[in-house]
Each structure stands twice: as C-alpha cells, then as structure tokens.
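One structure is given below, encoded as structure tokens.
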Amino acid sequence: PSLGNIPPLHETTLKLPLVAALAALVLCVFTAAEGVQSSPFANTHPEACTKNHPSCSSRAGSHPAPTAPGVKATSQNTQPQDVLRARGGGRTAINMPDPVIVKPSAKHTASIIWLHGLGDSGNGWASAASELKFPWVKWIFPSAGDRPVTINMGARMPAWADIKGLSPDAAEDEEGTMETRGLVHKLIAEEIASGIPPSRIVIGGFSQGGAMAGFAALTYGEALAGCFILSGYLTMKGKVPTMITEGGKQTPYWQAHGQQDPVVPFLFGQVSAQIVKSMVKALEFKPSHHTHTHTHTHTH
C-alpha cells in the first residue's frame, strides 16, 4: 500500500518495569561475573519488554541534538552533575552526537552500553540509570546520528542504519550496520582501557538498538558479561554465521518480546532468538503479553 498518508516510522521510548526486570538482570549478570551464579539471566523477570510508554516527541527530519537528561536521569545515587557527554565526536561517517553518560556514584566496577530505537536518542533511555540505582555501574547511552530512512521515504531521523523494508527478508543496510558495530566496539574498548574487563560490560538496546547490540556482541572478539535485546531482532542474519566469534558464542544473551507487538512482530523476534540460540552457548527468550508501542503505525 501507499505510504503517502502514513506518518513516518519512528521508535518511541518504551518505559519498562525496569526495577522488576532489568534490575534482576543486571544483578544476575554481575554476580555471575564474580562466580556467584552459573546462569546470568536465570532469574530475569519475564516481562522485560513491556508496559506503556510516552511517544517520542521527535519528528522525522527535525530531531534536535539530545541534551543531558538532568534531574530526570538522576536519583539519590546519581546527582545532576554526574550526567555528562562523552567527548570526542565524529566516531562515524554519520554526524554522531556524543553519548549521554551517567557516572557511577561509587567505585566504577561495571559498565552498561544501551542503544535506543529508531527516531530516539540516548536521552530517551537515560532515566533507566536513576530507576535501577546501581551505584557501581557507569551507564553509556549513545545517540544515533540523523540519516535518510528509506521506509520513511528518505526522511532524515536518528537511526543506527537505514531501514529498507518492513519484512524479515528485506534488504539490509550493511554499511550502516557495520558502522554502528564499530561504534559499539569502540565504546567497549574505551571501557576496557579504563580498567573494566569485558566480563563486567553489558551491552543491549531496544528494537533497532537491540538488533545492533546483538550483532555487536555476536561479532565482538571477547565474551561480555551479557547482551540484552528488548523488542529486537537479528540483523545481518546472512552474515552472522560466518562473522560470529568465539567470544560472541560465549556471551550470554537475554531477549524479551511482546506477543502483541505490532511494530516488530513477535514471530520475527522469536525466530531471531531461535537462530541465535543455535549458535551461542546461552540465550534466554522471554515472551510477554505487552506491545512494542501504542503510537506506531508500521510493522518494522
């Protein structure tokens, strides 16, 4: 059907039951890294990809550069002045904004890199740091640069890669995906250089961000503490079997998907999880009865 009368696709900020789900996930990951627990994701809440959430206010072609989240991204453990931007822009060929970073309020012993969905920014998820209240964790929320998105008739918006179609067999933007993979790997390398071992680094994301995080983890040279994929899918599926590393196989994966998701169909997420599970040591897939978002029109 014609897309002429359909609003541009963009992914809104999903507000999860974060304390109930991702708090358990983070605790399990980092206790497992210390040898306390054999399965990092064994006790994760089954509804991590869920609940209502407000619409992203950004519009295609008019996304302002993200600003520090301030009080909204802070808590009693994270003061407003602890929210800042990483320096050193120009990480990729796309005009990539600097990440939003929430510094740990205690000794820094672990890091989480969280990728947003299409049309959003790092600020859209920065409140997770205040909700989860892990004083030892440094939170890194990268923001995608604006790029033309084919499915939105070429409108420019924050995207980790172009989206050429809405079906699982649609052509993929390999160049953009590899570009984002390089960004994530560089962020991991920066954390390792600061003294945080891979076994204390988690990467993940929502929807397109989850797809990119999964690809980055599968193709990273060392095993990470974990990778979480919320309402996401497998990208570069034709190349992953030859690109996956031994480290990527050893990283534990946790994927959650809403059974009523009208944006990324549940079956797409489920099949993606089955494919990845056949290649890695551990993947846990958690269905929920929630939707992807209440504002989207397209299936993506």
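The chains in the structure tokens are called A, B, ... from first to last as shown; in each chain the residues are counted from 1, and the ligands are counted from 1 in the order shown.
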In region 104-282 of chain A, what's helix (DSSP H, G or I) per DSSP? Answer as a VMD selection string?
-> chain A and resid 122 to 124 127 to 132 150 to 152 174 to 193 198 to 200 208 to 218 240 to 243 246 to 250 266 to 277
Choose the residue, out of A:Val100, A:Gly195, A:Phe228, A:Pro168, that has the smallest atom-to-atom separation from Phe266 (chain A); count only C-alpha atoms.
-> A:Pro168
Considering only C-alpha atoms, return as JSON, numbers by chain whatever protein or nucleic-acid residues lie within 6 Å of region 270-281 of chain A, sequence-local ones (same chain, fewer than 5 positions apart) excluded.
-> {"A": [233, 234, 249, 250]}
Output N, CA and C atoms for every residue in that selection, as an mmCIF file, in the first residue's frame.
```
data_model
loop_
_atom_site.group_PDB
_atom_site.id
_atom_site.type_symbol
_atom_site.label_atom_id
_atom_site.label_comp_id
_atom_site.auth_asym_id
_atom_site.auth_seq_id
_atom_site.Cartn_x
_atom_site.Cartn_y
_atom_site.Cartn_z
ATOM 1 N N TYR A 233 15.563 -7.944 17.104
ATOM 2 C CA TYR A 233 15.594 -8.972 16.073
ATOM 3 C C TYR A 233 17.032 -9.170 15.631
ATOM 4 N N LEU A 234 17.267 -10.207 14.859
ATOM 5 C CA LEU A 234 18.593 -10.489 14.344
ATOM 6 C C LEU A 234 18.806 -9.700 13.059
ATOM 7 N N LYS A 249 30.067 -16.288 20.944
ATOM 8 C CA LYS A 249 29.352 -17.514 21.299
ATOM 9 C C LYS A 249 29.258 -17.698 22.811
ATOM 10 N N GLN A 250 30.248 -17.214 23.534
ATOM 11 C CA GLN A 250 30.281 -17.403 24.985
ATOM 12 C C GLN A 250 29.481 -16.349 25.747
#
```
Which residue of A:Asp98, A:Asp162, A:Glu131, A:Asp120 approaches Leu187 (chain A) most closely, using only C-alpha atoms = A:Asp98
With region 207-211 of chain A as the partner and 9 Å as the cut-off, tabulate the residues of region 97-197 of chain A that qualify, each row holding the nearest pair of atoms and their distance in Å to one decimal, using only C-alpha atoms, sorted by chain and rising number, as CSV.
```
residue,atom,partner,partner_atom,distance
A:Trp114,CA,A:Gly209,CA,7.8
A:Leu115,CA,A:Gly209,CA,4.6
A:His116,CA,A:Gly209,CA,4.9
A:Gly117,CA,A:Gly209,CA,4.9
A:Leu118,CA,A:Gln208,CA,6.2
A:Ala159,CA,A:Gln208,CA,8.1
A:Trp160,CA,A:Gly209,CA,7.1
A:Ala161,CA,A:Gln208,CA,8.5
```
What would the file look like if the residues just selected were written as a PDB file, in the first residue's frame with C-alpha atoms?
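In the end it all went to part_8.pdb:
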```
ATOM      1  CA  TRP A 114      22.377   0.882  25.923  1.00  0.00           C
ATOM      2  CA  LEU A 115      21.264   1.628  22.337  1.00  0.00           C
ATOM      3  CA  HIS A 116      17.949   3.386  21.671  1.00  0.00           C
ATOM      4  CA  GLY A 117      15.431   2.686  18.909  1.00  0.00           C
ATOM      5  CA  LEU A 118      14.752   4.450  15.617  1.00  0.00           C
ATOM      6  CA  ALA A 159      18.889   5.724  13.025  1.00  0.00           C
ATOM      7  CA  TRP A 160      21.658   3.205  13.573  1.00  0.00           C
ATOM      8  CA  ALA A 161      21.256   2.072   9.955  1.00  0.00           C
TER       9      ALA A 161
END
```
Contacts of Thr177 (chain A) at 8 Å (only C-alpha atoms; same-chain gap of 3+ positions) as a list in words = Trp160, Ala161, Asp173, Glu174, Thr180, Arg181, Met212 and Met236 of chain A
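When only C-alpha atoms are used to compute distances to Thr235 (chain A), the closest of the residues A:Val184, A:Ile201, A:Met178, A:Ala193 turns out to be A:Met178.
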Who sits within 6 Å of Ser111 (chain A), only C-alpha atoms, same chain under 5 positions skipped, as a ChimeraX atom specification = /A:137-139,201
Dump as a PDB file, in the first residue's frame, selection limited to N, CA and C atoms:
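Writing the result to selection14.pdb gives the following:
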```
ATOM      1  N   VAL A 137      27.784   1.110  38.608  1.00  0.00           N
ATOM      2  CA  VAL A 137      27.665   0.989  37.151  1.00  0.00           C
ATOM      3  C   VAL A 137      27.795   2.351  36.467  1.00  0.00           C
ATOM      4  N   LYS A 138      28.596   2.385  35.437  1.00  0.00           N
ATOM      5  CA  LYS A 138      28.641   3.524  34.521  1.00  0.00           C
ATOM      6  C   LYS A 138      27.700   3.215  33.358  1.00  0.00           C
ATOM      7  N   TRP A 139      26.762   4.127  33.102  1.00  0.00           N
ATOM      8  CA  TRP A 139      25.781   3.942  32.044  1.00  0.00           C
ATOM      9  C   TRP A 139      26.171   4.775  30.827  1.00  0.00           C
ATOM     10  N   ILE A 201      31.078  -5.884  31.433  1.00  0.00           N
ATOM     11  CA  ILE A 201      30.457  -4.971  30.472  1.00  0.00           C
ATOM     12  C   ILE A 201      29.244  -5.645  29.849  1.00  0.00           C
TER      13      ILE A 201
END
```
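From CA of Glu179 (chain A) back to CA of Ala110 (chain A), the distance works out to 24.9 Å.
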